[in-house]
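Structure data (compact mmCIF, N, CA and C atoms) from final19.txt:
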```
# COMPACT_ATOMS: atom_id res chain seq x y z
N MET A 1 28.88 44.26 12.95
CA MET A 1 30.25 44.49 13.39
C MET A 1 30.40 44.02 14.82
N GLN A 2 31.45 43.31 15.05
CA GLN A 2 31.73 42.79 16.39
C GLN A 2 33.19 43.08 16.73
N PRO A 3 33.44 43.89 17.78
CA PRO A 3 34.84 44.16 18.13
C PRO A 3 35.47 42.95 18.82
N LEU A 4 36.77 42.83 18.67
CA LEU A 4 37.52 41.85 19.45
C LEU A 4 37.84 42.49 20.78
N LEU A 5 37.75 41.73 21.86
CA LEU A 5 37.99 42.27 23.19
C LEU A 5 39.24 41.67 23.81
N THR A 6 40.04 42.52 24.41
CA THR A 6 41.23 42.11 25.16
C THR A 6 41.13 42.76 26.53
N THR A 7 41.20 41.98 27.59
CA THR A 7 41.16 42.52 28.94
C THR A 7 42.52 42.29 29.59
N LEU A 8 43.06 43.36 30.18
CA LEU A 8 44.38 43.30 30.80
C LEU A 8 44.34 43.90 32.19
N ARG A 9 45.16 43.35 33.07
CA ARG A 9 45.29 43.89 34.42
C ARG A 9 46.36 44.98 34.40
N ILE A 10 46.10 46.05 35.11
CA ILE A 10 47.11 47.09 35.31
C ILE A 10 48.02 46.64 36.44
N ASP A 11 49.30 46.56 36.15
CA ASP A 11 50.29 46.15 37.15
C ASP A 11 51.00 47.37 37.73
N TRP A 12 51.54 47.20 38.92
CA TRP A 12 52.29 48.28 39.57
C TRP A 12 53.42 48.78 38.67
N SER A 13 54.04 47.88 37.94
CA SER A 13 55.16 48.23 37.07
C SER A 13 54.73 49.07 35.86
N ASP A 14 53.43 49.19 35.62
CA ASP A 14 52.92 50.02 34.51
C ASP A 14 52.89 51.50 34.86
N LEU A 15 53.12 51.83 36.13
CA LEU A 15 52.97 53.21 36.59
C LEU A 15 54.24 54.02 36.36
N ASP A 16 54.04 55.35 36.31
CA ASP A 16 55.18 56.26 36.22
C ASP A 16 55.28 57.06 37.51
N SER A 17 56.14 58.05 37.54
CA SER A 17 56.36 58.82 38.78
C SER A 17 55.15 59.66 39.19
N TYR A 18 54.19 59.81 38.30
CA TYR A 18 52.96 60.55 38.63
C TYR A 18 51.88 59.62 39.19
N ALA A 19 52.22 58.34 39.35
CA ALA A 19 51.32 57.31 39.89
C ALA A 19 50.13 57.01 38.99
N HIS A 20 50.32 57.25 37.69
CA HIS A 20 49.32 56.75 36.75
C HIS A 20 50.03 55.94 35.67
N VAL A 21 49.27 55.23 34.85
CA VAL A 21 49.86 54.34 33.86
C VAL A 21 50.68 55.16 32.87
N ASN A 22 51.92 54.74 32.69
CA ASN A 22 52.85 55.40 31.78
C ASN A 22 52.40 55.22 30.33
N ASN A 23 52.68 56.22 29.50
CA ASN A 23 52.30 56.16 28.09
C ASN A 23 52.92 54.96 27.38
N VAL A 24 54.13 54.59 27.76
CA VAL A 24 54.79 53.43 27.15
C VAL A 24 54.00 52.16 27.47
N SER A 25 53.46 52.07 28.67
CA SER A 25 52.64 50.90 29.03
C SER A 25 51.39 50.84 28.17
N ILE A 26 50.81 51.98 27.89
CA ILE A 26 49.61 52.00 27.04
C ILE A 26 49.95 51.50 25.63
N ILE A 27 51.11 51.86 25.12
CA ILE A 27 51.54 51.36 23.82
C ILE A 27 51.70 49.83 23.88
N ARG A 28 52.20 49.30 25.00
CA ARG A 28 52.29 47.84 25.16
C ARG A 28 50.89 47.21 25.21
N PHE A 29 49.94 47.90 25.85
CA PHE A 29 48.56 47.40 25.87
C PHE A 29 48.02 47.29 24.44
N LEU A 30 48.31 48.31 23.62
CA LEU A 30 47.89 48.27 22.21
C LEU A 30 48.52 47.07 21.50
N GLN A 31 49.78 46.80 21.81
CA GLN A 31 50.45 45.65 21.20
C GLN A 31 49.73 44.36 21.59
N SER A 32 49.32 44.24 22.82
CA SER A 32 48.58 43.04 23.26
C SER A 32 47.29 42.88 22.47
N ALA A 33 46.58 43.97 22.24
CA ALA A 33 45.34 43.91 21.47
C ALA A 33 45.63 43.53 20.01
N ARG A 34 46.70 44.07 19.48
CA ARG A 34 47.10 43.76 18.11
C ARG A 34 47.43 42.27 17.99
N VAL A 35 48.16 41.72 18.95
CA VAL A 35 48.52 40.31 18.93
C VAL A 35 47.26 39.45 19.06
N THR A 36 46.31 39.87 19.88
CA THR A 36 45.03 39.16 19.96
C THR A 36 44.39 39.09 18.58
N PHE A 37 44.43 40.21 17.85
CA PHE A 37 43.88 40.22 16.49
C PHE A 37 44.66 39.26 15.60
N TRP A 38 46.01 39.29 15.66
CA TRP A 38 46.84 38.39 14.84
C TRP A 38 46.43 36.94 15.12
N GLU A 39 46.28 36.58 16.41
CA GLU A 39 45.96 35.21 16.78
C GLU A 39 44.57 34.79 16.32
N GLN A 40 43.58 35.63 16.58
CA GLN A 40 42.20 35.24 16.26
C GLN A 40 41.91 35.26 14.76
N SER A 41 42.66 36.06 14.01
CA SER A 41 42.43 36.16 12.57
C SER A 41 43.15 35.07 11.78
N GLY A 42 44.11 34.38 12.41
CA GLY A 42 44.90 33.38 11.72
C GLY A 42 46.22 33.91 11.19
N LEU A 43 46.48 35.20 11.36
CA LEU A 43 47.73 35.79 10.87
C LEU A 43 48.95 35.21 11.59
N TYR A 44 48.83 34.97 12.88
CA TYR A 44 49.97 34.41 13.62
C TYR A 44 50.27 32.99 13.13
N GLU A 45 49.24 32.18 12.96
CA GLU A 45 49.42 30.81 12.48
C GLU A 45 50.03 30.80 11.08
N SER A 46 49.59 31.73 10.23
CA SER A 46 50.13 31.83 8.88
C SER A 46 51.63 32.14 8.92
N PHE A 47 52.01 33.02 9.84
CA PHE A 47 53.44 33.32 9.96
C PHE A 47 54.22 32.10 10.44
N GLU A 48 53.69 31.42 11.44
CA GLU A 48 54.37 30.24 11.98
C GLU A 48 54.54 29.15 10.92
N LYS A 49 53.51 28.91 10.11
CA LYS A 49 53.56 27.82 9.13
C LYS A 49 54.26 28.21 7.83
N TYR A 50 53.97 29.42 7.34
CA TYR A 50 54.40 29.77 5.98
C TYR A 50 55.33 30.99 5.91
N LYS A 51 55.60 31.60 7.06
CA LYS A 51 56.39 32.84 7.11
C LYS A 51 55.73 33.96 6.31
N LYS A 52 54.38 33.96 6.36
CA LYS A 52 53.58 35.03 5.75
C LYS A 52 52.71 35.61 6.86
N GLY A 53 52.87 36.89 7.13
CA GLY A 53 52.12 37.50 8.21
C GLY A 53 52.16 39.01 8.14
N PRO A 54 51.70 39.65 9.19
CA PRO A 54 51.61 41.10 9.17
C PRO A 54 52.91 41.78 9.59
N ILE A 55 53.11 42.96 9.04
CA ILE A 55 54.15 43.86 9.51
C ILE A 55 53.45 45.15 9.91
N LEU A 56 53.74 45.61 11.10
CA LEU A 56 53.20 46.89 11.57
C LEU A 56 53.99 48.00 10.90
N VAL A 57 53.31 48.88 10.17
CA VAL A 57 54.02 49.96 9.48
C VAL A 57 53.75 51.32 10.12
N SER A 58 52.71 51.38 10.95
CA SER A 58 52.40 52.64 11.62
C SER A 58 51.55 52.37 12.84
N THR A 59 51.81 53.12 13.89
CA THR A 59 50.95 53.06 15.07
C THR A 59 50.87 54.45 15.68
N LYS A 60 49.72 54.75 16.24
CA LYS A 60 49.47 56.07 16.81
C LYS A 60 48.56 55.88 18.01
N CYS A 61 48.72 56.73 19.00
CA CYS A 61 47.86 56.66 20.18
C CYS A 61 47.49 58.06 20.62
N ASP A 62 46.21 58.26 20.86
CA ASP A 62 45.71 59.50 21.46
C ASP A 62 45.32 59.18 22.89
N PHE A 63 45.93 59.88 23.84
CA PHE A 63 45.67 59.65 25.25
C PHE A 63 44.51 60.54 25.68
N LYS A 64 43.50 59.94 26.30
CA LYS A 64 42.27 60.66 26.64
C LYS A 64 42.09 60.88 28.14
N LYS A 65 42.36 59.83 28.93
CA LYS A 65 42.11 59.90 30.37
C LYS A 65 43.10 58.98 31.07
N GLU A 66 43.67 59.44 32.15
CA GLU A 66 44.69 58.62 32.82
C GLU A 66 44.09 57.36 33.43
N LEU A 67 44.95 56.37 33.54
CA LEU A 67 44.61 55.09 34.16
C LEU A 67 45.43 54.95 35.44
N HIS A 68 44.86 54.22 36.41
CA HIS A 68 45.52 54.06 37.71
C HIS A 68 45.55 52.61 38.13
N TYR A 69 46.47 52.31 39.02
CA TYR A 69 46.57 51.01 39.68
C TYR A 69 45.78 51.10 40.98
N PRO A 70 45.10 50.06 41.40
CA PRO A 70 44.85 48.81 40.71
C PRO A 70 43.72 48.99 39.70
N GLY A 71 43.63 48.09 38.80
CA GLY A 71 42.54 48.16 37.83
C GLY A 71 42.76 47.23 36.66
N THR A 72 41.78 47.21 35.81
CA THR A 72 41.86 46.46 34.56
C THR A 72 41.42 47.39 33.44
N ILE A 73 41.83 47.04 32.26
CA ILE A 73 41.36 47.77 31.08
C ILE A 73 40.78 46.77 30.11
N THR A 74 39.88 47.24 29.29
CA THR A 74 39.35 46.46 28.19
C THR A 74 39.66 47.22 26.91
N ILE A 75 40.16 46.50 25.94
CA ILE A 75 40.46 47.11 24.65
C ILE A 75 39.55 46.49 23.61
N GLN A 76 38.76 47.33 22.96
CA GLN A 76 37.94 46.90 21.83
C GLN A 76 38.74 47.18 20.57
N THR A 77 38.89 46.18 19.73
CA THR A 77 39.61 46.34 18.48
C THR A 77 38.66 46.11 17.31
N LYS A 78 38.66 47.07 16.40
CA LYS A 78 37.84 46.98 15.20
C LYS A 78 38.74 47.19 13.99
N VAL A 79 38.31 46.71 12.85
CA VAL A 79 39.01 46.95 11.60
C VAL A 79 38.42 48.21 11.00
N SER A 80 39.26 49.20 10.72
CA SER A 80 38.74 50.46 10.19
C SER A 80 38.91 50.58 8.67
N ARG A 81 39.81 49.79 8.10
CA ARG A 81 40.01 49.83 6.64
C ARG A 81 40.64 48.52 6.20
N ILE A 82 40.17 48.02 5.06
CA ILE A 82 40.76 46.84 4.44
C ILE A 82 41.16 47.24 3.02
N GLY A 83 42.45 47.16 2.74
CA GLY A 83 42.94 47.47 1.40
C GLY A 83 43.25 46.21 0.64
N ASN A 84 44.14 46.32 -0.35
CA ASN A 84 44.55 45.17 -1.14
C ASN A 84 45.50 44.27 -0.34
N SER A 85 46.52 44.89 0.26
CA SER A 85 47.48 44.13 1.06
C SER A 85 47.65 44.72 2.46
N SER A 86 47.04 45.86 2.71
CA SER A 86 47.16 46.51 4.02
C SER A 86 45.79 46.64 4.68
N PHE A 87 45.83 46.87 5.99
CA PHE A 87 44.59 47.07 6.74
C PHE A 87 44.90 47.93 7.95
N GLU A 88 43.84 48.50 8.51
CA GLU A 88 44.00 49.36 9.68
C GLU A 88 43.11 48.87 10.81
N LEU A 89 43.66 48.95 12.01
CA LEU A 89 42.93 48.59 13.22
C LEU A 89 42.69 49.85 14.04
N HIS A 90 41.57 49.87 14.74
CA HIS A 90 41.19 50.98 15.60
C HIS A 90 40.92 50.38 16.98
N HIS A 91 41.66 50.85 17.98
CA HIS A 91 41.56 50.31 19.34
C HIS A 91 40.96 51.36 20.27
N PHE A 92 40.08 50.91 21.16
CA PHE A 92 39.47 51.75 22.18
C PHE A 92 39.82 51.18 23.54
N LEU A 93 40.67 51.86 24.29
CA LEU A 93 41.08 51.41 25.62
C LEU A 93 40.16 52.04 26.65
N GLN A 94 39.47 51.21 27.42
CA GLN A 94 38.51 51.69 28.41
C GLN A 94 38.91 51.25 29.80
N ASN A 95 38.67 52.12 30.78
CA ASN A 95 38.92 51.76 32.17
C ASN A 95 37.75 50.92 32.68
N GLU A 96 37.80 50.55 33.96
CA GLU A 96 36.76 49.68 34.53
C GLU A 96 35.38 50.31 34.51
N SER A 97 35.30 51.64 34.48
CA SER A 97 34.02 52.34 34.43
C SER A 97 33.50 52.50 33.02
N GLY A 98 34.28 52.06 32.04
CA GLY A 98 33.87 52.18 30.65
C GLY A 98 34.27 53.50 30.00
N ASP A 99 35.04 54.32 30.73
CA ASP A 99 35.51 55.59 30.17
C ASP A 99 36.62 55.33 29.16
N LEU A 100 36.61 56.09 28.07
CA LEU A 100 37.66 55.98 27.07
C LEU A 100 38.94 56.60 27.61
N SER A 101 39.98 55.79 27.75
CA SER A 101 41.26 56.26 28.28
C SER A 101 42.27 56.55 27.18
N ALA A 102 42.20 55.81 26.09
CA ALA A 102 43.11 56.03 24.96
C ALA A 102 42.48 55.42 23.71
N GLU A 103 42.91 55.96 22.59
CA GLU A 103 42.46 55.46 21.31
C GLU A 103 43.70 55.19 20.46
N GLY A 104 43.79 53.97 19.90
CA GLY A 104 44.96 53.59 19.13
C GLY A 104 44.60 53.30 17.69
N PHE A 105 45.58 53.50 16.83
CA PHE A 105 45.40 53.32 15.39
C PHE A 105 46.63 52.60 14.84
N ASP A 106 46.43 51.47 14.17
CA ASP A 106 47.52 50.69 13.59
C ASP A 106 47.29 50.51 12.10
N THR A 107 48.37 50.53 11.35
CA THR A 107 48.34 50.14 9.94
C THR A 107 49.32 48.99 9.79
N ALA A 108 48.88 47.93 9.16
CA ALA A 108 49.71 46.75 8.94
C ALA A 108 49.62 46.32 7.49
N VAL A 109 50.66 45.65 7.04
CA VAL A 109 50.73 45.12 5.68
C VAL A 109 50.96 43.62 5.76
N CYS A 110 50.27 42.86 4.93
CA CYS A 110 50.51 41.42 4.83
C CYS A 110 51.81 41.23 4.06
N TYR A 111 52.74 40.50 4.69
CA TYR A 111 54.09 40.42 4.15
C TYR A 111 54.57 38.97 4.08
N ASP A 112 55.13 38.61 2.94
CA ASP A 112 55.73 37.29 2.74
C ASP A 112 57.21 37.41 3.08
N PHE A 113 57.60 36.86 4.21
CA PHE A 113 58.98 36.96 4.67
C PHE A 113 59.94 36.10 3.85
N ASN A 114 59.42 35.12 3.11
CA ASN A 114 60.26 34.31 2.23
C ASN A 114 60.64 35.09 0.98
N LYS A 115 59.66 35.74 0.38
CA LYS A 115 59.89 36.49 -0.86
C LYS A 115 60.28 37.94 -0.60
N LYS A 116 60.11 38.37 0.66
CA LYS A 116 60.41 39.75 1.05
C LYS A 116 59.58 40.75 0.24
N GLU A 117 58.27 40.47 0.21
CA GLU A 117 57.34 41.36 -0.50
C GLU A 117 55.95 41.23 0.10
N LYS A 118 55.15 42.25 -0.10
CA LYS A 118 53.78 42.20 0.41
C LYS A 118 52.95 41.24 -0.45
N TYR A 119 51.84 40.78 0.14
CA TYR A 119 50.94 39.90 -0.61
C TYR A 119 49.50 40.35 -0.38
N THR A 120 48.63 39.95 -1.28
CA THR A 120 47.22 40.31 -1.23
C THR A 120 46.55 39.61 -0.06
N ILE A 121 45.69 40.33 0.65
CA ILE A 121 44.95 39.75 1.77
C ILE A 121 44.12 38.57 1.26
N PRO A 122 44.33 37.37 1.81
CA PRO A 122 43.55 36.20 1.37
C PRO A 122 42.06 36.36 1.70
N ASP A 123 41.23 35.68 0.93
CA ASP A 123 39.77 35.79 1.10
C ASP A 123 39.32 35.42 2.50
N THR A 124 39.93 34.38 3.11
CA THR A 124 39.51 33.97 4.46
C THR A 124 39.83 35.05 5.48
N LEU A 125 40.99 35.68 5.34
CA LEU A 125 41.36 36.77 6.24
C LEU A 125 40.46 37.98 6.01
N ARG A 126 40.18 38.28 4.75
CA ARG A 126 39.29 39.40 4.42
C ARG A 126 37.90 39.18 5.03
N ALA A 127 37.40 37.96 4.96
CA ALA A 127 36.09 37.64 5.54
C ALA A 127 36.09 37.85 7.05
N PHE A 128 37.18 37.43 7.71
CA PHE A 128 37.30 37.65 9.15
C PHE A 128 37.31 39.14 9.46
N MET A 129 38.09 39.89 8.71
CA MET A 129 38.17 41.34 8.93
C MET A 129 36.82 42.03 8.73
N GLU A 130 36.09 41.59 7.73
CA GLU A 130 34.78 42.20 7.45
C GLU A 130 33.81 42.01 8.61
N GLN A 131 33.97 40.91 9.37
CA GLN A 131 33.13 40.68 10.54
C GLN A 131 33.41 41.69 11.66
N HIS A 132 34.57 42.33 11.61
CA HIS A 132 35.00 43.26 12.66
C HIS A 132 35.19 44.68 12.13
N LEU A 133 34.60 44.94 10.97
CA LEU A 133 34.72 46.25 10.34
C LEU A 133 33.85 47.28 11.06
N GLU A 134 34.39 48.48 11.23
CA GLU A 134 33.65 49.56 11.89
C GLU A 134 32.50 50.00 11.00
```

If you took the structure in this file and wrote it as structure tokens, what would it be?
Amino acid sequence: MQPLLTTLRIDWSDLDSYAHVNNVSIIRFLQSARVTFWEQSGLYESFEKYKKGPILVSTKCDFKKELHYPGTITIQTKVSRIGNSSFELHHFLQNESGDLSAEGFDTAVCYDFNKKEKYTIPDTLRAFMEQHLE
């Protein structure tokens, strides 16, 4: 198993009135990690070429430890479940010291935007996901 890594800089605009990273910013960080997965897995390219790609159907975040500016975070993304047409991602957001700051969970469905219906995960995508399975 090999997690996908996304590294992001914490910007001043990510902070809230308590001077730590706002929860909404953390949800955006999760989105960045999810998009990294879409790009590296070929899902983004599939959408661009064939209008077949993922739809996010659920997302959840457990906040563990506050984040502060300045700093960077690293998000490890793993595949936690592969179904017939759906899959789940598990994200681990870590601060510069390696402390777990938040844990994210996404469920997505492979969707054909032309036919307006879900489709079975292709073998090439399934193989990619299996390389990143928890």

Show which residues sit within 7 Å of region 97-110 of chain A, as number ranges by chain. Count only N, CA and C atoms, and ignore same-chain residues fewer than 6 positions away. A: 30, 52-67, 85-91, 117-121

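Nearest-residue note for Phe29 (chain A): choosing from A:Tyr69, A:Lys49, A:Leu4, A:Ile75, the minimum distance belongs to A:Ile75, counting only N, CA and C atoms.
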
Within region 29-99 of chain A, find each residue whose DSSP state, derived from the backbone, is strand (DSSP E), and express the selection as a count of residues only. 33

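Atom N of Gln31 (chain A) is found 16.4 Å from atom C of Gly71 (chain A).
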
Test item: axis-aligned box, all listed atoms of region 55-59 of chain A, 6 Å on each side, centre and edges in Å rounded to one decimal, as AutoDock Vina command-line options:
```
--center_x 52.5 --center_y 48.7 --center_z 12.4 --size_x 15.3 --size_y 23.5 --size_z 18.6
```

Which residue of A:Lys116, A:His20, A:Lys51, A:Arg9 approaches Thr72 (chain A) most closely, using all atoms listed in the file: A:Arg9

Per-residue nearest contacts of region 54-101 of chain A to region 123-131 of chain A (8 Å; all atoms listed in the file) as CSV:
```
residue,atom,partner,partner_atom,distance
A:Lys78,C,A:Met129,C,7.6
A:Val79,CA,A:Met129,C,6.1
A:Ser80,N,A:Met129,C,7.8
A:Arg81,C,A:Met129,C,7.9
A:Ile82,CA,A:Met129,C,7.6
```

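The two atoms in question, CA of Leu8 (chain A) and atom C of Ser46 (chain A), are spaced 25.6 Å apart.
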
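Nearest residue to Leu15 (chain A), choosing from A:Arg28, A:Thr36, A:Ser41, A:His68 and counting only N, CA and C atoms: A:His68.
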
Just want the 5 Å neighbourhood of Ile73 (chain A), counted on all atoms listed in the file, with same-chain residues fewer than 6 positions away dropped. Output as a PDB file with N, CA and C atoms, in the coordinates of the input.
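Result saved to out_18.pdb:
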```
ATOM      1  N   THR A   7      41.200  41.980  27.590  1.00  0.00           N
ATOM      2  CA  THR A   7      41.160  42.520  28.940  1.00  0.00           C
ATOM      3  C   THR A   7      42.520  42.290  29.590  1.00  0.00           C
ATOM      4  N   LEU A   8      43.060  43.360  30.180  1.00  0.00           N
ATOM      5  CA  LEU A   8      44.380  43.300  30.800  1.00  0.00           C
ATOM      6  C   LEU A   8      44.340  43.900  32.190  1.00  0.00           C
ATOM      7  N   GLN A  94      39.470  51.210  27.420  1.00  0.00           N
ATOM      8  CA  GLN A  94      38.510  51.690  28.410  1.00  0.00           C
ATOM      9  C   GLN A  94      38.910  51.250  29.800  1.00  0.00           C
ATOM     10  N   ASN A  95      38.670  52.120  30.780  1.00  0.00           N
ATOM     11  CA  ASN A  95      38.920  51.760  32.170  1.00  0.00           C
ATOM     12  C   ASN A  95      37.750  50.920  32.680  1.00  0.00           C
TER      13      ASN A  95
END
```

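Comparing the minimum interatomic distances between Tyr111 (chain A) and each of A:Asn23, A:Tyr50, A:Gly42, A:Asp11, counting only C-alpha atoms, we find that A:Tyr50 sits nearest.
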
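Taking CA of Phe37 (chain A) as the reference point, CA of Leu5 (chain A) is found at 9.2 Å.
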
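Nearest-residue note for Thr77 (chain A): choosing from A:Glu39, A:Asp112, A:Glu134, A:Glu96, the minimum distance belongs to A:Glu134, counting only N, CA and C atoms.
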
Any chance you could list, as a PyMOL selection string, the residues in chain A that come up helix (DSSP H, G or I) when DSSP is run on the backbone? chain A and resi 12-14+23-41+43-50+123-131
